[in-house]
>>> print(open('run-v6.cif').read())   # mmCIF, N, CA and C atoms
data_start
loop_
_atom_site.label_atom_id
_atom_site.label_comp_id
_atom_site.auth_asym_id
_atom_site.auth_seq_id
_atom_site.Cartn_x
_atom_site.Cartn_y
_atom_site.Cartn_z
N MET A 1 170.85 83.53 89.97
CA MET A 1 170.32 82.86 88.80
C MET A 1 171.50 82.51 87.89
N ARG A 2 171.52 81.30 87.44
CA ARG A 2 172.62 80.87 86.58
C ARG A 2 172.28 81.03 85.11
N ASP A 3 173.31 81.02 84.30
CA ASP A 3 173.16 81.19 82.87
C ASP A 3 172.71 79.88 82.23
N LEU A 4 171.54 79.91 81.59
CA LEU A 4 170.97 78.72 80.95
C LEU A 4 171.07 78.77 79.43
N SER A 5 171.91 79.65 78.90
CA SER A 5 171.96 79.82 77.44
C SER A 5 172.47 78.56 76.74
N GLY A 6 173.39 77.83 77.35
CA GLY A 6 173.86 76.58 76.75
C GLY A 6 172.76 75.54 76.70
N HIS A 7 171.97 75.46 77.76
CA HIS A 7 170.84 74.53 77.78
C HIS A 7 169.77 74.96 76.78
N ARG A 8 169.59 76.28 76.65
CA ARG A 8 168.60 76.80 75.70
C ARG A 8 168.97 76.40 74.27
N THR A 9 170.26 76.51 73.93
CA THR A 9 170.72 76.14 72.59
C THR A 9 170.59 74.63 72.37
N ALA A 10 171.01 73.86 73.36
CA ALA A 10 170.92 72.40 73.22
C ALA A 10 169.47 71.95 73.08
N LEU A 11 168.58 72.55 73.86
CA LEU A 11 167.16 72.18 73.78
C LEU A 11 166.57 72.60 72.43
N GLY A 12 167.01 73.75 71.92
CA GLY A 12 166.54 74.19 70.60
C GLY A 12 166.93 73.21 69.51
N PHE A 13 168.21 72.76 69.53
CA PHE A 13 168.64 71.79 68.53
C PHE A 13 167.92 70.45 68.71
N LEU A 14 167.66 70.07 69.95
CA LEU A 14 166.94 68.82 70.21
C LEU A 14 165.51 68.91 69.67
N TYR A 15 164.86 70.05 69.89
CA TYR A 15 163.51 70.25 69.33
C TYR A 15 163.54 70.16 67.80
N LEU A 16 164.52 70.81 67.18
CA LEU A 16 164.59 70.77 65.71
C LEU A 16 164.84 69.36 65.20
N GLY A 17 165.75 68.62 65.82
CA GLY A 17 166.08 67.27 65.36
C GLY A 17 164.92 66.30 65.52
N VAL A 18 164.33 66.29 66.70
CA VAL A 18 163.24 65.35 66.97
C VAL A 18 162.03 65.67 66.09
N ASN A 19 161.73 66.94 65.92
CA ASN A 19 160.55 67.29 65.13
C ASN A 19 160.79 67.19 63.63
N ALA A 20 162.04 67.26 63.19
CA ALA A 20 162.34 66.96 61.78
C ALA A 20 162.08 65.48 61.52
N LEU A 21 162.43 64.63 62.47
CA LEU A 21 162.11 63.20 62.34
C LEU A 21 160.60 62.98 62.37
N SER A 22 159.88 63.78 63.15
CA SER A 22 158.42 63.67 63.19
C SER A 22 157.81 64.05 61.85
N LEU A 23 158.42 65.02 61.16
CA LEU A 23 157.93 65.36 59.81
C LEU A 23 158.11 64.19 58.85
N LEU A 24 159.22 63.47 58.99
CA LEU A 24 159.40 62.26 58.17
C LEU A 24 158.34 61.21 58.51
N GLY A 25 158.02 61.10 59.79
CA GLY A 25 156.96 60.18 60.21
C GLY A 25 155.61 60.59 59.65
N ALA A 26 155.34 61.89 59.61
CA ALA A 26 154.08 62.37 59.03
C ALA A 26 154.03 62.06 57.55
N ALA A 27 155.16 62.17 56.87
CA ALA A 27 155.20 61.83 55.44
C ALA A 27 154.93 60.34 55.25
N GLY A 28 155.50 59.51 56.11
CA GLY A 28 155.24 58.07 56.04
C GLY A 28 153.78 57.74 56.30
N LEU A 29 153.18 58.42 57.28
CA LEU A 29 151.76 58.20 57.54
C LEU A 29 150.89 58.68 56.38
N ALA A 30 151.29 59.77 55.75
CA ALA A 30 150.53 60.24 54.59
C ALA A 30 150.60 59.21 53.46
N PHE A 31 151.76 58.61 53.26
CA PHE A 31 151.89 57.57 52.24
C PHE A 31 151.05 56.36 52.60
N ALA A 32 151.07 55.96 53.88
CA ALA A 32 150.24 54.82 54.31
C ALA A 32 148.76 55.12 54.13
N THR A 33 148.36 56.35 54.40
CA THR A 33 146.96 56.74 54.19
C THR A 33 146.59 56.64 52.72
N TRP A 34 147.48 57.10 51.86
CA TRP A 34 147.24 57.00 50.43
C TRP A 34 147.12 55.54 49.99
N MET A 35 148.00 54.68 50.53
CA MET A 35 147.96 53.25 50.18
C MET A 35 146.66 52.61 50.64
N VAL A 36 146.22 52.90 51.85
CA VAL A 36 144.97 52.32 52.36
C VAL A 36 143.79 52.82 51.53
N SER A 37 143.82 54.10 51.14
CA SER A 37 142.72 54.60 50.32
C SER A 37 142.71 53.93 48.95
N GLN A 38 143.87 53.61 48.41
CA GLN A 38 143.94 52.91 47.12
C GLN A 38 143.46 51.46 47.26
N LEU A 39 143.82 50.83 48.36
CA LEU A 39 143.37 49.45 48.58
C LEU A 39 141.87 49.40 48.84
N ALA A 40 141.33 50.44 49.47
CA ALA A 40 139.90 50.46 49.79
C ALA A 40 139.04 50.61 48.55
N THR A 41 139.59 51.20 47.50
CA THR A 41 138.77 51.40 46.30
C THR A 41 138.59 50.12 45.51
N GLY A 42 139.54 49.22 45.59
CA GLY A 42 139.44 47.96 44.84
C GLY A 42 139.64 48.17 43.35
N ARG A 43 139.62 47.08 42.59
CA ARG A 43 139.83 47.18 41.15
C ARG A 43 138.53 47.23 40.36
N HIS A 44 137.44 46.71 40.94
CA HIS A 44 136.21 46.57 40.17
C HIS A 44 135.29 47.77 40.26
N ARG A 45 135.19 48.35 41.41
CA ARG A 45 134.34 49.52 41.55
C ARG A 45 135.13 50.60 42.27
N HIS A 46 134.81 51.82 42.02
CA HIS A 46 135.57 52.92 42.58
C HIS A 46 134.67 53.85 43.39
N PRO A 47 134.44 53.50 44.66
CA PRO A 47 133.69 54.43 45.51
C PRO A 47 134.59 55.63 45.85
N PRO A 48 134.05 56.63 46.49
CA PRO A 48 134.89 57.77 46.88
C PRO A 48 136.11 57.30 47.68
N VAL A 49 137.25 57.91 47.40
CA VAL A 49 138.50 57.46 48.00
C VAL A 49 138.48 57.61 49.51
N TRP A 50 137.93 58.69 50.02
CA TRP A 50 137.97 58.94 51.47
C TRP A 50 136.78 58.33 52.18
N GLU A 51 136.49 57.08 51.85
CA GLU A 51 135.38 56.39 52.46
C GLU A 51 135.94 55.28 53.34
N GLY A 52 135.53 55.24 54.56
CA GLY A 52 135.93 54.17 55.45
C GLY A 52 136.71 54.67 56.66
N LEU A 53 136.51 53.99 57.76
CA LEU A 53 137.13 54.36 59.03
C LEU A 53 138.65 54.30 59.02
N PRO A 54 139.29 53.28 58.45
CA PRO A 54 140.76 53.25 58.48
C PRO A 54 141.40 54.47 57.83
N VAL A 55 140.82 54.94 56.75
CA VAL A 55 141.38 56.11 56.07
C VAL A 55 141.20 57.35 56.94
N TYR A 56 140.04 57.49 57.59
CA TYR A 56 139.82 58.63 58.47
C TYR A 56 140.78 58.62 59.65
N VAL A 57 141.01 57.47 60.24
CA VAL A 57 141.90 57.37 61.38
C VAL A 57 143.34 57.70 60.98
N LEU A 58 143.78 57.15 59.87
CA LEU A 58 145.14 57.45 59.40
C LEU A 58 145.31 58.92 59.03
N ALA A 59 144.31 59.50 58.41
CA ALA A 59 144.39 60.92 58.06
C ALA A 59 144.43 61.78 59.31
N GLY A 60 143.66 61.44 60.32
CA GLY A 60 143.68 62.18 61.59
C GLY A 60 145.03 62.07 62.29
N CYS A 61 145.59 60.87 62.31
CA CYS A 61 146.91 60.68 62.92
C CYS A 61 147.98 61.45 62.15
N THR A 62 147.88 61.46 60.85
CA THR A 62 148.84 62.21 60.03
C THR A 62 148.77 63.70 60.34
N LEU A 63 147.58 64.24 60.41
CA LEU A 63 147.42 65.67 60.72
C LEU A 63 147.93 66.00 62.12
N PHE A 64 147.67 65.11 63.09
CA PHE A 64 148.13 65.33 64.46
C PHE A 64 149.65 65.37 64.52
N VAL A 65 150.30 64.40 63.89
CA VAL A 65 151.77 64.36 63.89
C VAL A 65 152.33 65.56 63.15
N LEU A 66 151.71 65.96 62.06
CA LEU A 66 152.18 67.12 61.29
C LEU A 66 152.08 68.40 62.11
N VAL A 67 150.97 68.61 62.78
CA VAL A 67 150.79 69.81 63.60
C VAL A 67 151.78 69.82 64.77
N MET A 68 151.95 68.67 65.42
CA MET A 68 152.92 68.58 66.53
C MET A 68 154.33 68.89 66.04
N ALA A 69 154.70 68.37 64.89
CA ALA A 69 156.05 68.60 64.37
C ALA A 69 156.26 70.07 64.02
N LEU A 70 155.28 70.70 63.41
CA LEU A 70 155.42 72.11 63.04
C LEU A 70 155.48 73.00 64.28
N LEU A 71 154.66 72.70 65.30
CA LEU A 71 154.73 73.48 66.54
C LEU A 71 156.07 73.27 67.24
N GLY A 72 156.57 72.04 67.22
CA GLY A 72 157.87 71.76 67.83
C GLY A 72 159.00 72.47 67.10
N LEU A 73 158.92 72.52 65.78
CA LEU A 73 159.93 73.26 65.02
C LEU A 73 159.88 74.75 65.35
N ALA A 74 158.69 75.29 65.55
CA ALA A 74 158.56 76.70 65.92
C ALA A 74 159.18 76.97 67.29
N VAL A 75 158.97 76.08 68.24
CA VAL A 75 159.58 76.24 69.57
C VAL A 75 161.10 76.13 69.46
N GLY A 76 161.59 75.18 68.68
CA GLY A 76 163.04 75.02 68.50
C GLY A 76 163.69 76.24 67.88
N VAL A 77 163.07 76.81 66.87
CA VAL A 77 163.62 78.00 66.23
C VAL A 77 163.59 79.17 67.22
N GLY A 78 162.52 79.30 67.98
CA GLY A 78 162.44 80.36 68.98
C GLY A 78 163.51 80.23 70.04
N LEU A 79 163.79 79.01 70.46
CA LEU A 79 164.85 78.80 71.46
C LEU A 79 166.22 79.14 70.89
N LEU A 80 166.47 78.75 69.67
CA LEU A 80 167.78 79.01 69.06
C LEU A 80 168.00 80.49 68.76
N ARG A 81 166.97 81.17 68.35
CA ARG A 81 167.12 82.59 68.02
C ARG A 81 167.15 83.46 69.26
N GLY A 82 166.83 82.89 70.40
CA GLY A 82 166.82 83.68 71.62
C GLY A 82 165.58 84.53 71.78
N GLY A 83 164.58 84.25 70.99
CA GLY A 83 163.34 85.02 71.04
C GLY A 83 162.41 84.50 72.13
N ARG A 84 161.24 85.09 72.15
CA ARG A 84 160.23 84.68 73.13
C ARG A 84 159.67 83.32 72.73
N VAL A 85 159.50 82.48 73.71
CA VAL A 85 158.96 81.14 73.50
C VAL A 85 157.78 80.97 74.45
N SER A 86 156.70 80.43 73.95
CA SER A 86 155.54 80.18 74.78
C SER A 86 155.82 79.01 75.71
N LYS A 87 155.87 79.29 77.01
CA LYS A 87 156.13 78.24 77.98
C LYS A 87 155.00 77.22 77.99
N ALA A 88 153.76 77.69 77.86
CA ALA A 88 152.62 76.77 77.87
C ALA A 88 152.68 75.81 76.68
N LEU A 89 152.98 76.34 75.49
CA LEU A 89 153.09 75.48 74.31
C LEU A 89 154.22 74.47 74.47
N ALA A 90 155.36 74.93 74.96
CA ALA A 90 156.51 74.03 75.14
C ALA A 90 156.20 72.95 76.18
N LEU A 91 155.50 73.29 77.24
CA LEU A 91 155.17 72.30 78.26
C LEU A 91 154.16 71.28 77.74
N VAL A 92 153.17 71.74 76.97
CA VAL A 92 152.19 70.81 76.39
C VAL A 92 152.90 69.86 75.42
N LEU A 93 153.77 70.41 74.57
CA LEU A 93 154.52 69.56 73.63
C LEU A 93 155.41 68.57 74.37
N SER A 94 156.05 69.02 75.44
CA SER A 94 156.95 68.12 76.16
C SER A 94 156.19 66.99 76.84
N VAL A 95 155.01 67.28 77.38
CA VAL A 95 154.21 66.23 78.00
C VAL A 95 153.71 65.24 76.94
N LEU A 96 153.30 65.76 75.78
CA LEU A 96 152.83 64.88 74.71
C LEU A 96 153.96 64.05 74.10
N MET A 97 155.20 64.53 74.20
CA MET A 97 156.34 63.80 73.65
C MET A 97 156.85 62.71 74.60
N LEU A 98 156.50 62.76 75.87
CA LEU A 98 157.03 61.79 76.85
C LEU A 98 156.83 60.32 76.45
N PRO A 99 155.66 59.92 75.93
CA PRO A 99 155.49 58.50 75.59
C PRO A 99 156.26 58.03 74.36
N THR A 100 156.80 58.93 73.57
CA THR A 100 157.50 58.53 72.34
C THR A 100 158.96 58.24 72.64
N PHE A 101 159.19 57.05 73.17
CA PHE A 101 160.51 56.60 73.59
C PHE A 101 161.38 56.32 72.38
N PRO A 102 162.63 56.62 72.39
CA PRO A 102 163.50 57.23 73.39
C PRO A 102 163.70 58.72 73.19
N LEU A 103 163.64 59.22 71.95
CA LEU A 103 163.97 60.63 71.70
C LEU A 103 162.94 61.57 72.30
N GLY A 104 161.68 61.26 72.17
CA GLY A 104 160.64 62.11 72.72
C GLY A 104 160.68 62.15 74.24
N THR A 105 161.04 61.04 74.86
CA THR A 105 161.17 61.00 76.31
C THR A 105 162.30 61.90 76.77
N VAL A 106 163.43 61.83 76.08
CA VAL A 106 164.56 62.70 76.43
C VAL A 106 164.17 64.16 76.24
N LEU A 107 163.53 64.47 75.12
CA LEU A 107 163.11 65.85 74.86
C LEU A 107 162.10 66.31 75.90
N GLY A 108 161.15 65.47 76.25
CA GLY A 108 160.13 65.85 77.22
C GLY A 108 160.70 66.11 78.60
N VAL A 109 161.57 65.22 79.07
CA VAL A 109 162.15 65.37 80.41
C VAL A 109 163.06 66.60 80.45
N TYR A 110 163.90 66.76 79.44
CA TYR A 110 164.82 67.89 79.38
C TYR A 110 164.05 69.21 79.28
N SER A 111 162.98 69.22 78.50
CA SER A 111 162.17 70.41 78.34
C SER A 111 161.45 70.75 79.65
N LEU A 112 160.89 69.76 80.32
CA LEU A 112 160.24 70.00 81.61
C LEU A 112 161.23 70.56 82.63
N TRP A 113 162.44 70.02 82.64
CA TRP A 113 163.46 70.52 83.56
C TRP A 113 163.82 71.96 83.22
N PHE A 114 164.08 72.24 81.95
CA PHE A 114 164.52 73.57 81.53
C PHE A 114 163.47 74.63 81.85
N PHE A 115 162.22 74.37 81.52
CA PHE A 115 161.19 75.37 81.72
C PHE A 115 160.76 75.50 83.17
N SER A 116 161.22 74.62 84.05
CA SER A 116 160.95 74.78 85.48
C SER A 116 162.06 75.57 86.18
N GLN A 117 163.15 75.85 85.49
CA GLN A 117 164.26 76.61 86.07
C GLN A 117 163.94 78.09 86.12
N GLU A 118 164.44 78.75 87.15
CA GLU A 118 164.29 80.19 87.24
C GLU A 118 165.22 80.85 86.24
N GLY A 119 164.71 81.77 85.47
CA GLY A 119 165.52 82.48 84.50
C GLY A 119 165.62 81.82 83.14
N TRP A 120 164.74 80.88 82.85
CA TRP A 120 164.78 80.22 81.54
C TRP A 120 164.47 81.21 80.42
N ASP A 121 163.69 82.25 80.75
CA ASP A 121 163.30 83.21 79.72
C ASP A 121 164.21 84.43 79.63
N ALA A 122 165.32 84.40 80.37
CA ALA A 122 166.27 85.51 80.31
C ALA A 122 166.95 85.53 78.93
N GLU A 123 167.35 86.71 78.52
CA GLU A 123 168.05 86.83 77.26
C GLU A 123 169.31 85.99 77.30
N PRO A 124 169.64 85.28 76.22
CA PRO A 124 170.85 84.48 76.21
C PRO A 124 172.09 85.33 76.51
N GLY A 125 172.90 84.85 77.45
CA GLY A 125 174.13 85.54 77.83
C GLY A 125 173.95 86.56 78.92
N MET A 126 172.71 86.87 79.31
CA MET A 126 172.46 87.85 80.36
C MET A 126 172.51 87.18 81.72
N GLN A 127 173.16 87.82 82.67
CA GLN A 127 173.24 87.32 84.03
C GLN A 127 172.96 88.45 84.99
N ASP A 128 172.42 88.12 86.15
CA ASP A 128 172.17 89.14 87.17
C ASP A 128 173.48 89.58 87.78
N GLY A 129 173.49 90.77 88.23
CA GLY A 129 174.69 91.25 88.91
C GLY A 129 175.54 92.08 88.00
N PHE A 130 176.77 91.95 88.07
CA PHE A 130 177.83 92.70 87.39
C PHE A 130 177.38 93.26 86.12
#
>>> encode(input="run-v6.cif", output="structure tokens")
Amino acid sequence: MRDLSGHRTALGFLYLGVNALSLLGAAGLAFATWMVSQLATGRHRHPPVWEGLPVYVLAGCTLFVLVMALLGLAVGVGLLRGGRVSKALALVLSVLMLPTFPLGTVLGVYSLWFFSQEGWDAEPGMQDGF
């Protein structure tokens, strides 16, 4: 079994970087949701702000991106600290990141490769033998 600690660190930083950008995307979606809700109210009458399908769809997308980014940050921190990382969570995140070209595709492919290697969960710096 070979030492994967360098790949573990690189993947951890990649998770942190890509998911920090996803948090910025979630903030942008939240702003867009707020703008659509303001446009939906109009100037003459003020129905409830959260009324209408576009606002619901944008709010749902915002929450999805936010949850994905927070889970990705948790996986990245776990990889960098050398702690236990949920392989199932990391694989689900990596598959969901594949369509988000180019950074998510790189993260997804690299993550799928890393978690399919034997010894990915070994303590950083530990090797069999000597």
>>> residues_around(input="run-v6.cif", residues="segment 109-121 of chain A", least_positions_apart="2", cutoff="8 Å", atoms="all atoms listed in the file", output="list in words")
Met1, Arg2, Asp3, Leu4, Ser5, His7, Arg8, Leu11, Gly82, Gly83, Arg84, Val85, Lys87, Ala90, Leu91, Ser94, Val95, Met97, Leu98, Leu103, Gly104, Thr105, Val106, Leu107, Glu123 and Pro124 of chain A
>>> closest_residue(input="run-v6.cif", among="A:Leu66, A:Val57, A:Val92, A:Ala10", to="Gly25 of chain A", atoms="only N, CA and C atoms")
A:Leu66
>>> resolve_selection(input="run-v6.cif", expression="the PyMOL selection byres ((chain A and resi 33) around 8)", output="list in words")
Ala27, Gly28, Leu29, Ala30, Phe31, Ala32, Trp34, Met35, Val36, Ser37, Gln38, Leu39, Pro54, Val55, Tyr56, Val57, Leu58 and Ala59 of chain A
>>> resolve_selection(input="run-v6.cif", expression="the PyMOL selection byres (((chain A and resi 16 and name CA) around 8) and name CA)", output="compact mmCIF listing (two decimals) with N, CA and C atoms, keeping the file's coordinate frame")
# COMPACT_ATOMS: atom_id res chain seq x y z
N GLY A 12 167.01 73.75 71.92
CA GLY A 12 166.54 74.19 70.60
C GLY A 12 166.93 73.21 69.51
N PHE A 13 168.21 72.76 69.53
CA PHE A 13 168.64 71.79 68.53
C PHE A 13 167.92 70.45 68.71
N LEU A 14 167.66 70.07 69.95
CA LEU A 14 166.94 68.82 70.21
C LEU A 14 165.51 68.91 69.67
N TYR A 15 164.86 70.05 69.89
CA TYR A 15 163.51 70.25 69.33
C TYR A 15 163.54 70.16 67.80
N GLY A 17 165.75 68.62 65.82
CA GLY A 17 166.08 67.27 65.36
C GLY A 17 164.92 66.30 65.52
N VAL A 18 164.33 66.29 66.70
CA VAL A 18 163.24 65.35 66.97
C VAL A 18 162.03 65.67 66.09
N ASN A 19 161.73 66.94 65.92
CA ASN A 19 160.55 67.29 65.13
C ASN A 19 160.79 67.19 63.63
N ALA A 20 162.04 67.26 63.19
CA ALA A 20 162.34 66.96 61.78
C ALA A 20 162.08 65.48 61.52
N GLY A 72 156.57 72.04 67.22
CA GLY A 72 157.87 71.76 67.83
C GLY A 72 159.00 72.47 67.10
N LEU A 73 158.92 72.52 65.78
CA LEU A 73 159.93 73.26 65.02
C LEU A 73 159.88 74.75 65.35
N GLY A 76 161.59 75.18 68.68
CA GLY A 76 163.04 75.02 68.50
C GLY A 76 163.69 76.24 67.88
N VAL A 77 163.07 76.81 66.87
CA VAL A 77 163.62 78.00 66.23
C VAL A 77 163.59 79.17 67.22
>>> closest_residue(input="run-v6.cif", among="A:Gly6, A:Val65, A:Leu96, A:Gly60", to="Ala26 of chain A", atoms="all atoms listed in the file")
A:Val65
>>> select_by_dssp(input="run-v6.cif", residues="segment 48-117 of chain A", states="alpha helix (DSSP H)", output="short mmCIF file (atom, residue, chain, number, x, y, z; two decimals) with N, CA and C atoms, in the coordinates of the input")
data_model
loop_
_atom_site.label_atom_id
_atom_site.label_comp_id
_atom_site.auth_asym_id
_atom_site.auth_seq_id
_atom_site.Cartn_x
_atom_site.Cartn_y
_atom_site.Cartn_z
N LEU A 53 136.51 53.99 57.76
CA LEU A 53 137.13 54.36 59.03
C LEU A 53 138.65 54.30 59.02
N PRO A 54 139.29 53.28 58.45
CA PRO A 54 140.76 53.25 58.48
C PRO A 54 141.40 54.47 57.83
N VAL A 55 140.82 54.94 56.75
CA VAL A 55 141.38 56.11 56.07
C VAL A 55 141.20 57.35 56.94
N TYR A 56 140.04 57.49 57.59
CA TYR A 56 139.82 58.63 58.47
C TYR A 56 140.78 58.62 59.65
N VAL A 57 141.01 57.47 60.24
CA VAL A 57 141.90 57.37 61.38
C VAL A 57 143.34 57.70 60.98
N LEU A 58 143.78 57.15 59.87
CA LEU A 58 145.14 57.45 59.40
C LEU A 58 145.31 58.92 59.03
N ALA A 59 144.31 59.50 58.41
CA ALA A 59 144.39 60.92 58.06
C ALA A 59 144.43 61.78 59.31
N GLY A 60 143.66 61.44 60.32
CA GLY A 60 143.68 62.18 61.59
C GLY A 60 145.03 62.07 62.29
N CYS A 61 145.59 60.87 62.31
CA CYS A 61 146.91 60.68 62.92
C CYS A 61 147.98 61.45 62.15
N THR A 62 147.88 61.46 60.85
CA THR A 62 148.84 62.21 60.03
C THR A 62 148.77 63.70 60.34
N LEU A 63 147.58 64.24 60.41
CA LEU A 63 147.42 65.67 60.72
C LEU A 63 147.93 66.00 62.12
N PHE A 64 147.67 65.11 63.09
CA PHE A 64 148.13 65.33 64.46
C PHE A 64 149.65 65.37 64.52
N VAL A 65 150.30 64.40 63.89
CA VAL A 65 151.77 64.36 63.89
C VAL A 65 152.33 65.56 63.15
N LEU A 66 151.71 65.96 62.06
CA LEU A 66 152.18 67.12 61.29
C LEU A 66 152.08 68.40 62.11
N VAL A 67 150.97 68.61 62.78
CA VAL A 67 150.79 69.81 63.60
C VAL A 67 151.78 69.82 64.77
N MET A 68 151.95 68.67 65.42
CA MET A 68 152.92 68.58 66.53
C MET A 68 154.33 68.89 66.04
N ALA A 69 154.70 68.37 64.89
CA ALA A 69 156.05 68.60 64.37
C ALA A 69 156.26 70.07 64.02
N LEU A 70 155.28 70.70 63.41
CA LEU A 70 155.42 72.11 63.04
C LEU A 70 155.48 73.00 64.28
N LEU A 71 154.66 72.70 65.30
CA LEU A 71 154.73 73.48 66.54
C LEU A 71 156.07 73.27 67.24
N GLY A 72 156.57 72.04 67.22
CA GLY A 72 157.87 71.76 67.83
C GLY A 72 159.00 72.47 67.10
N LEU A 73 158.92 72.52 65.78
CA LEU A 73 159.93 73.26 65.02
C LEU A 73 159.88 74.75 65.35
N ALA A 74 158.69 75.29 65.55
CA ALA A 74 158.56 76.70 65.92
C ALA A 74 159.18 76.97 67.29
N VAL A 75 158.97 76.08 68.24
CA VAL A 75 159.58 76.24 69.57
C VAL A 75 161.10 76.13 69.46
N GLY A 76 161.59 75.18 68.68
CA GLY A 76 163.04 75.02 68.50
C GLY A 76 163.69 76.24 67.88
N VAL A 77 163.07 76.81 66.87
CA VAL A 77 163.62 78.00 66.23
C VAL A 77 163.59 79.17 67.22
N GLY A 78 162.52 79.30 67.98
CA GLY A 78 162.44 80.36 68.98
C GLY A 78 163.51 80.23 70.04
N LEU A 79 163.79 79.01 70.46
CA LEU A 79 164.85 78.80 71.46
C LEU A 79 166.22 79.14 70.89
N LEU A 80 166.47 78.75 69.67
CA LEU A 80 167.78 79.01 69.06
C LEU A 80 168.00 80.49 68.76
N ARG A 81 166.97 81.17 68.35
CA ARG A 81 167.12 82.59 68.02
C ARG A 81 167.15 83.46 69.26
N LYS A 87 155.87 79.29 77.01
CA LYS A 87 156.13 78.24 77.98
C LYS A 87 155.00 77.22 77.99
N ALA A 88 153.76 77.69 77.86
CA ALA A 88 152.62 76.77 77.87
C ALA A 88 152.68 75.81 76.68
N LEU A 89 152.98 76.34 75.49
CA LEU A 89 153.09 75.48 74.31
C LEU A 89 154.22 74.47 74.47
N ALA A 90 155.36 74.93 74.96
CA ALA A 90 156.51 74.03 75.14
C ALA A 90 156.20 72.95 76.18
N LEU A 91 155.50 73.29 77.24
CA LEU A 91 155.17 72.30 78.26
C LEU A 91 154.16 71.28 77.74
N VAL A 92 153.17 71.74 76.97
CA VAL A 92 152.19 70.81 76.39
C VAL A 92 152.90 69.86 75.42
N LEU A 93 153.77 70.41 74.57
CA LEU A 93 154.52 69.56 73.63
C LEU A 93 155.41 68.57 74.37
N SER A 94 156.05 69.02 75.44
CA SER A 94 156.95 68.12 76.16
C SER A 94 156.19 66.99 76.84
N VAL A 95 155.01 67.28 77.38
CA VAL A 95 154.21 66.23 78.00
C VAL A 95 153.71 65.24 76.94
N LEU A 96 153.30 65.76 75.78
CA LEU A 96 152.83 64.88 74.71
C LEU A 96 153.96 64.05 74.10
N MET A 97 155.20 64.53 74.20
CA MET A 97 156.34 63.80 73.65
C MET A 97 156.85 62.71 74.60
N LEU A 103 163.64 59.22 71.95
CA LEU A 103 163.97 60.63 71.70
C LEU A 103 162.94 61.57 72.30
N GLY A 104 161.68 61.26 72.17
CA GLY A 104 160.64 62.11 72.72
C GLY A 104 160.68 62.15 74.24
N THR A 105 161.04 61.04 74.86
CA THR A 105 161.17 61.00 76.31
C THR A 105 162.30 61.90 76.77
N VAL A 106 163.43 61.83 76.08
CA VAL A 106 164.56 62.70 76.43
C VAL A 106 164.17 64.16 76.24
N LEU A 107 163.53 64.47 75.12
CA LEU A 107 163.11 65.85 74.86
C LEU A 107 162.10 66.31 75.90
N GLY A 108 161.15 65.47 76.25
CA GLY A 108 160.13 65.85 77.22
C GLY A 108 160.70 66.11 78.60
N VAL A 109 161.57 65.22 79.07
CA VAL A 109 162.15 65.37 80.41
C VAL A 109 163.06 66.60 80.45
N TYR A 110 163.90 66.76 79.44
CA TYR A 110 164.82 67.89 79.38
C TYR A 110 164.05 69.21 79.28
N SER A 111 162.98 69.22 78.50
CA SER A 111 162.17 70.41 78.34
C SER A 111 161.45 70.75 79.65
N LEU A 112 160.89 69.76 80.32
CA LEU A 112 160.24 70.00 81.61
C LEU A 112 161.23 70.56 82.63
N TRP A 113 162.44 70.02 82.64
CA TRP A 113 163.46 70.52 83.56
C TRP A 113 163.82 71.96 83.22
N PHE A 114 164.08 72.24 81.95
CA PHE A 114 164.52 73.57 81.53
C PHE A 114 163.47 74.63 81.85
N PHE A 115 162.22 74.37 81.52
CA PHE A 115 161.19 75.37 81.72
C PHE A 115 160.76 75.50 83.17
N SER A 116 161.22 74.62 84.05
CA SER A 116 160.95 74.78 85.48
C SER A 116 162.06 75.57 86.18
#
>>> atom_distance(input="run-v6.cif", atom1="atom CA of Ala88 of chain A", atom2="atom CA of Ser22 of chain A")
20.5 Å
>>> atom_distance(input="run-v6.cif", atom1="atom CA of Leu21 of chain A", atom2="atom CA of Gly52 of chain A")
28.5 Å
>>> atom_distance(input="run-v6.cif", atom1="atom CA of Ser86 of chain A", atom2="atom C of Ala74 of chain A")
8.9 Å
